[in-house]
Amino acid sequence: MSVERIFDNTEVAFALKSDSELERAYFLFKMISIEPLVRIGTAATNFAIKAHLPVEGLIRATVFDHFCGGVSENDCLPVINKMYEKGVSSVLDFSVEGKESEKEFDNARDVVLKIMEFSKELKAIPIAVFKPTGFGRFYLYEKIGKGETLTSAEQEEWNKVIGRYDAVCKKAKDYNIAVLIDAEESWMQDAADALVTDMMKKYNTEKPVVYNTLQMYRHDRMDFLRKEHDKAKKEGYKLGYKIVRGAYMEKENERAEEKGYPTPICASKLATDENFNDCLNYILEHLEDISLFAGTHNEESSYILMDLMKQKGLKHNDSRVWFGQLYGMSDHISFNLSNLGYNVAKYIPFGPVKDVMPYLIRRAEENTSVAGQTGRELNLLSKEKKRRKTL
């Protein structure tokens with residue numbers, strides 16, 4: 001690999017962390033690394049919140065403040081500004097999950113529109129994001145994906161979903177910012193994909209504004225990408241893709257087994273990694289048509305992307321290529337990349353503490369299940385603590 005191996009530099013990685021924040025991060029990852037503790041902690045937290053026990057203060061001071069920017073957009077500003085001083089942009093992610101009413105869907109749309117107003121003023125927020133099920137019921141996406149006919153009431157409801165997408169994508173184009181639309185479970189994704197493609201046709205006429213998400217633990221996504229590329233070339237619009245490995249593996253495999261269909265998930269971690277890296281390669285080969293947001297905490301994939309950019313003679317800050325990580329994780333990737341001038345953005349979840357808990361619990365469980373991820377975080381934090389002691 002011809003690019004410099006940069007991710008061990010803890011001085012750059014943790015420059016924004018005070019000694020006490022460094023200690024808190026070490027403590028949290030130590031807790032997350034103990035699987036039974038995560039299970040017990042998750043159950044206890046869920047119980048405490050449902051029983052209205054006064055635990056919000058404790059959650060806020062520990063896991064919430066580490067993985068979230070705040071309870072509101074304004075609350076996130078100190079984090080946004082601090083990171084931008086180091087060249088890392090922010091993607092404000094309203095991480096309230098599992099809502100079902102029209103009022104809540106309208107509220108989610110309004111929050112995204114408000115964030116876009118923010119980004120008009122702040123260069124630090126060049127990208128917006130939303131989840132398909134933040135804008136409409138899972139059941140509707142699933143029913144449309146199966147090709148079933150909607151009732152007239154459901155069709156009316158779906159038209160409102162389309163309206164929410166359209167309002168956000170239009171504003172993104174008007175304000176010249178990107179909007180990333182997340183991917184979710186495979187059995188609702190076909191309807192979301194079709195809707196995002198419609199938005200791309202409408203708004204990606206000059207350059208990518210609307211980005212879909214490809215979960216590369218699905219073995220069918222490279223075929224999907226090639227077909228979408230052919231369609232876009234024929235019809236004259238640009239593509240934008242956020243690529244990730246994926247977050248619903250256990251759920252996907254269990255459902256496939258239960259319902260007796262072949263799992264959409266790659267057979268192994270290696271196959272997923274190869275799929276992800278093939279996708280990087282494909283997009284970099286076709287940058288004139290497709291822009292990339294590489295959402296990854298994987299060091300090797302990050303080095304591969306850096307190397308591909310170098311081979312193709314691209315500038316580090318080429319506007320068609322972004323790296324992305326989650327706030328509170330993989331600072332050694334984000335800040336070392338931004339230090340060399342690459343485009344980097346951190347997803348910053350925010351929202352009321354109790355509403356964001358499902359997101360935080362998923363984070364803790366994911367960190368426990370991803371082999372090596374938590375250990376790597378702990379090693380780097382430990383290295384930085386030692387480095388500071390010798391100063």
# chains A, B, ... in the order shown; residues from 1 in each chain; ligands from 1
>>> select_by_dssp(residues="region 217-248 of chain A", states="helix (DSSP H, G or I)", output="PyMOL selection string")
chain A and resi 221-235
>>> write_last_selection(atoms="N, CA and C atoms", output="compact mmCIF listing (two decimals), in the first residue's frame")
# COMPACT_ATOMS: atom_id res chain seq x y z
N ARG A 221 -25.91 -5.96 -3.68
CA ARG A 221 -25.81 -4.50 -3.86
C ARG A 221 -24.93 -4.07 -5.02
N MET A 222 -23.91 -4.87 -5.38
CA MET A 222 -23.10 -4.47 -6.54
C MET A 222 -23.92 -4.53 -7.82
N ASP A 223 -24.75 -5.57 -7.95
CA ASP A 223 -25.64 -5.66 -9.12
C ASP A 223 -26.60 -4.48 -9.16
N PHE A 224 -27.15 -4.16 -7.99
CA PHE A 224 -28.07 -3.03 -7.88
C PHE A 224 -27.38 -1.75 -8.33
N LEU A 225 -26.14 -1.54 -7.88
CA LEU A 225 -25.40 -0.33 -8.23
C LEU A 225 -25.17 -0.24 -9.74
N ARG A 226 -24.77 -1.35 -10.34
CA ARG A 226 -24.51 -1.34 -11.80
C ARG A 226 -25.79 -1.01 -12.58
N LYS A 227 -26.90 -1.60 -12.15
CA LYS A 227 -28.18 -1.33 -12.84
C LYS A 227 -28.59 0.14 -12.68
N GLU A 228 -28.44 0.67 -11.47
CA GLU A 228 -28.77 2.08 -11.22
C GLU A 228 -27.88 3.00 -12.05
N HIS A 229 -26.62 2.61 -12.19
CA HIS A 229 -25.66 3.40 -12.98
C HIS A 229 -26.09 3.43 -14.45
N ASP A 230 -26.44 2.25 -14.98
CA ASP A 230 -26.89 2.18 -16.39
C ASP A 230 -28.12 3.08 -16.61
N LYS A 231 -29.06 2.99 -15.67
CA LYS A 231 -30.30 3.76 -15.76
C LYS A 231 -29.98 5.27 -15.74
N ALA A 232 -29.10 5.67 -14.82
CA ALA A 232 -28.77 7.10 -14.67
C ALA A 232 -28.07 7.64 -15.92
N LYS A 233 -27.20 6.82 -16.51
CA LYS A 233 -26.50 7.27 -17.74
C LYS A 233 -27.51 7.46 -18.89
N LYS A 234 -28.43 6.50 -18.99
CA LYS A 234 -29.45 6.59 -20.07
C LYS A 234 -30.34 7.81 -19.88
N GLU A 235 -30.70 8.08 -18.60
CA GLU A 235 -31.69 9.13 -18.35
C GLU A 235 -31.08 10.47 -17.97
>>> residues_around(residues="region 181-190 of chain A", least_positions_apart="6", cutoff="9 Å", atoms="only C-alpha atoms", output="PDB file with C-alpha atoms, in the first residue's frame")
ATOM      1  CA  ALA A 128     -28.186  16.465   5.954  1.00  0.00           C
ATOM      2  CA  VAL A 129     -29.568  12.991   6.661  1.00  0.00           C
ATOM      3  CA  PHE A 130     -32.782  11.112   7.398  1.00  0.00           C
ATOM      4  CA  LYS A 131     -34.070   7.542   7.770  1.00  0.00           C
ATOM      5  CA  PRO A 132     -36.881   6.333   5.478  1.00  0.00           C
ATOM      6  CA  THR A 133     -38.920   5.197   8.500  1.00  0.00           C
ATOM      7  CA  PHE A 138     -42.367   0.660   7.868  1.00  0.00           C
ATOM      8  CA  TYR A 139     -45.515  -1.275   6.940  1.00  0.00           C
ATOM      9  CA  LEU A 140     -46.122   0.955   3.896  1.00  0.00           C
ATOM     10  CA  TYR A 141     -42.604   0.494   2.524  1.00  0.00           C
ATOM     11  CA  GLU A 142     -42.947  -3.248   3.057  1.00  0.00           C
ATOM     12  CA  LYS A 143     -46.334  -3.470   1.340  1.00  0.00           C
ATOM     13  CA  ILE A 144     -45.141  -1.444  -1.686  1.00  0.00           C
ATOM     14  CA  GLY A 145     -41.945  -3.539  -1.862  1.00  0.00           C
ATOM     15  CA  LYS A 146     -44.058  -6.710  -2.112  1.00  0.00           C
ATOM     16  CA  VAL A 196     -34.769   7.741  -3.660  1.00  0.00           C
ATOM     17  CA  VAL A 210     -29.531  13.174  -3.109  1.00  0.00           C
ATOM     18  CA  TYR A 211     -27.532  10.146  -1.888  1.00  0.00           C
ATOM     19  CA  ASN A 212     -28.933   6.667  -1.354  1.00  0.00           C
ATOM     20  CA  THR A 213     -27.245   4.172   1.011  1.00  0.00           C
ATOM     21  CA  LEU A 214     -25.823   0.806  -0.002  1.00  0.00           C
ATOM     22  CA  GLN A 215     -25.377  -1.788   2.748  1.00  0.00           C
ATOM     23  CA  ARG A 218     -25.956  -7.549   1.200  1.00  0.00           C
ATOM     24  CA  LYS A 242     -23.233   6.453   0.968  1.00  0.00           C
ATOM     25  CA  GLY A 246     -24.669  -2.635   7.441  1.00  0.00           C
ATOM     26  CA  ALA A 247     -26.330  -2.688  10.847  1.00  0.00           C
ATOM     27  CA  TYR A 248     -29.109  -5.307  10.864  1.00  0.00           C
ATOM     28  CA  LYS A 251     -32.206  -9.510  12.339  1.00  0.00           C
ATOM     29  CA  GLU A 252     -31.765 -10.196   8.593  1.00  0.00           C
ATOM     30  CA  PRO A 264     -29.533 -11.414   1.658  1.00  0.00           C
TER      31      PRO A 264
END
>>> residues_around(residues="region 267-283 of chain A", least_positions_apart="3", cutoff="9 Å", atoms="only C-alpha atoms", output="PDB file with C-alpha atoms, in the first residue's frame")
ATOM      1  CA  GLN A 215     -25.377  -1.788   2.748  1.00  0.00           C
ATOM      2  CA  MET A 216     -22.522  -3.904   1.451  1.00  0.00           C
ATOM      3  CA  TYR A 217     -23.185  -6.867   3.741  1.00  0.00           C
ATOM      4  CA  ARG A 218     -25.956  -7.549   1.200  1.00  0.00           C
ATOM      5  CA  HIS A 219     -24.564  -9.666  -1.641  1.00  0.00           C
ATOM      6  CA  ARG A 221     -25.811  -4.504  -3.858  1.00  0.00           C
ATOM      7  CA  MET A 222     -23.098  -4.472  -6.539  1.00  0.00           C
ATOM      8  CA  LEU A 225     -25.400  -0.330  -8.226  1.00  0.00           C
ATOM      9  CA  ARG A 226     -24.515  -1.339 -11.800  1.00  0.00           C
ATOM     10  CA  TYR A 241     -24.113   6.827  -2.643  1.00  0.00           C
ATOM     11  CA  ILE A 243     -21.726   3.016   1.366  1.00  0.00           C
ATOM     12  CA  VAL A 244     -21.691   1.164   4.683  1.00  0.00           C
ATOM     13  CA  ARG A 245     -21.247  -2.438   5.741  1.00  0.00           C
ATOM     14  CA  THR A 263     -30.465 -14.641   3.475  1.00  0.00           C
ATOM     15  CA  HIS A 286     -16.991   6.212 -12.392  1.00  0.00           C
ATOM     16  CA  LEU A 287     -16.605   9.433 -10.413  1.00  0.00           C
ATOM     17  CA  ASP A 289     -21.304   9.863 -12.737  1.00  0.00           C
ATOM     18  CA  ILE A 290     -21.275   8.810  -9.063  1.00  0.00           C
ATOM     19  CA  SER A 291     -20.200  10.625  -5.887  1.00  0.00           C
ATOM     20  CA  LEU A 292     -19.193   8.749  -2.756  1.00  0.00           C
ATOM     21  CA  ALA A 294     -17.736   6.141   2.510  1.00  0.00           C
ATOM     22  CA  SER A 301     -11.069   0.158   3.689  1.00  0.00           C
ATOM     23  CA  ILE A 304      -7.797   1.401   0.185  1.00  0.00           C
ATOM     24  CA  LEU A 305      -9.907   4.471  -0.611  1.00  0.00           C
ATOM     25  CA  LEU A 308      -7.401   4.616  -4.999  1.00  0.00           C
TER      26      LEU A 308
END
>>> select_by_dssp(residues="region 68-254 of chain A", states="strand (DSSP E or B)", output="CSV table (one decimal) with C-alpha atoms, in the first residue's frame")
chain,number,residue,atom,x,y,z
A,70,GLY,CA,-26.9,17.2,22.5
A,88,VAL,CA,-14.1,17.7,10.4
A,89,SER,CA,-17.6,18.5,9.2
A,90,SER,CA,-20.9,17.4,10.9
A,91,VAL,CA,-23.9,15.5,9.8
A,92,LEU,CA,-26.7,16.3,12.3
A,93,ASP,CA,-28.7,13.1,12.7
A,94,PHE,CA,-32.1,13.4,14.5
A,127,ILE,CA,-24.7,17.4,4.6
A,128,ALA,CA,-28.2,16.5,6.0
A,129,VAL,CA,-29.6,13.0,6.7
A,130,PHE,CA,-32.8,11.1,7.4
A,178,ALA,CA,-26.1,16.9,0.1
A,179,VAL,CA,-28.8,14.8,1.7
A,180,LEU,CA,-28.0,11.2,2.7
A,181,ILE,CA,-31.0,8.8,2.9
A,210,VAL,CA,-29.5,13.2,-3.1
A,211,TYR,CA,-27.5,10.1,-1.9
A,212,ASN,CA,-28.9,6.7,-1.4
A,213,THR,CA,-27.2,4.2,1.0
A,214,LEU,CA,-25.8,0.8,0.0
A,215,GLN,CA,-25.4,-1.8,2.7
A,218,ARG,CA,-26.0,-7.5,1.2
A,239,LEU,CA,-25.8,9.3,-8.6
A,240,GLY,CA,-24.7,9.8,-5.0
A,241,TYR,CA,-24.1,6.8,-2.6
A,242,LYS,CA,-23.2,6.5,1.0
A,243,ILE,CA,-21.7,3.0,1.4
A,244,VAL,CA,-21.7,1.2,4.7
>>> closest_residue(among="A:Val63, A:Ala192, A:Ala108, A:Val12", to="Phe27 (chain A)", atoms="only C-alpha atoms")
A:Val63
>>> closest_residue(among="A:Glu254, A:Leu284, A:Gly313, A:Arg24", to="Phe64 (chain A)", atoms="only C-alpha atoms")
A:Arg24
>>> closest_residue(among="A:Glu85, A:Ile80, A:Glu154, A:Ala124", to="Cys68 (chain A)", atoms="only C-alpha atoms")
A:Ile80
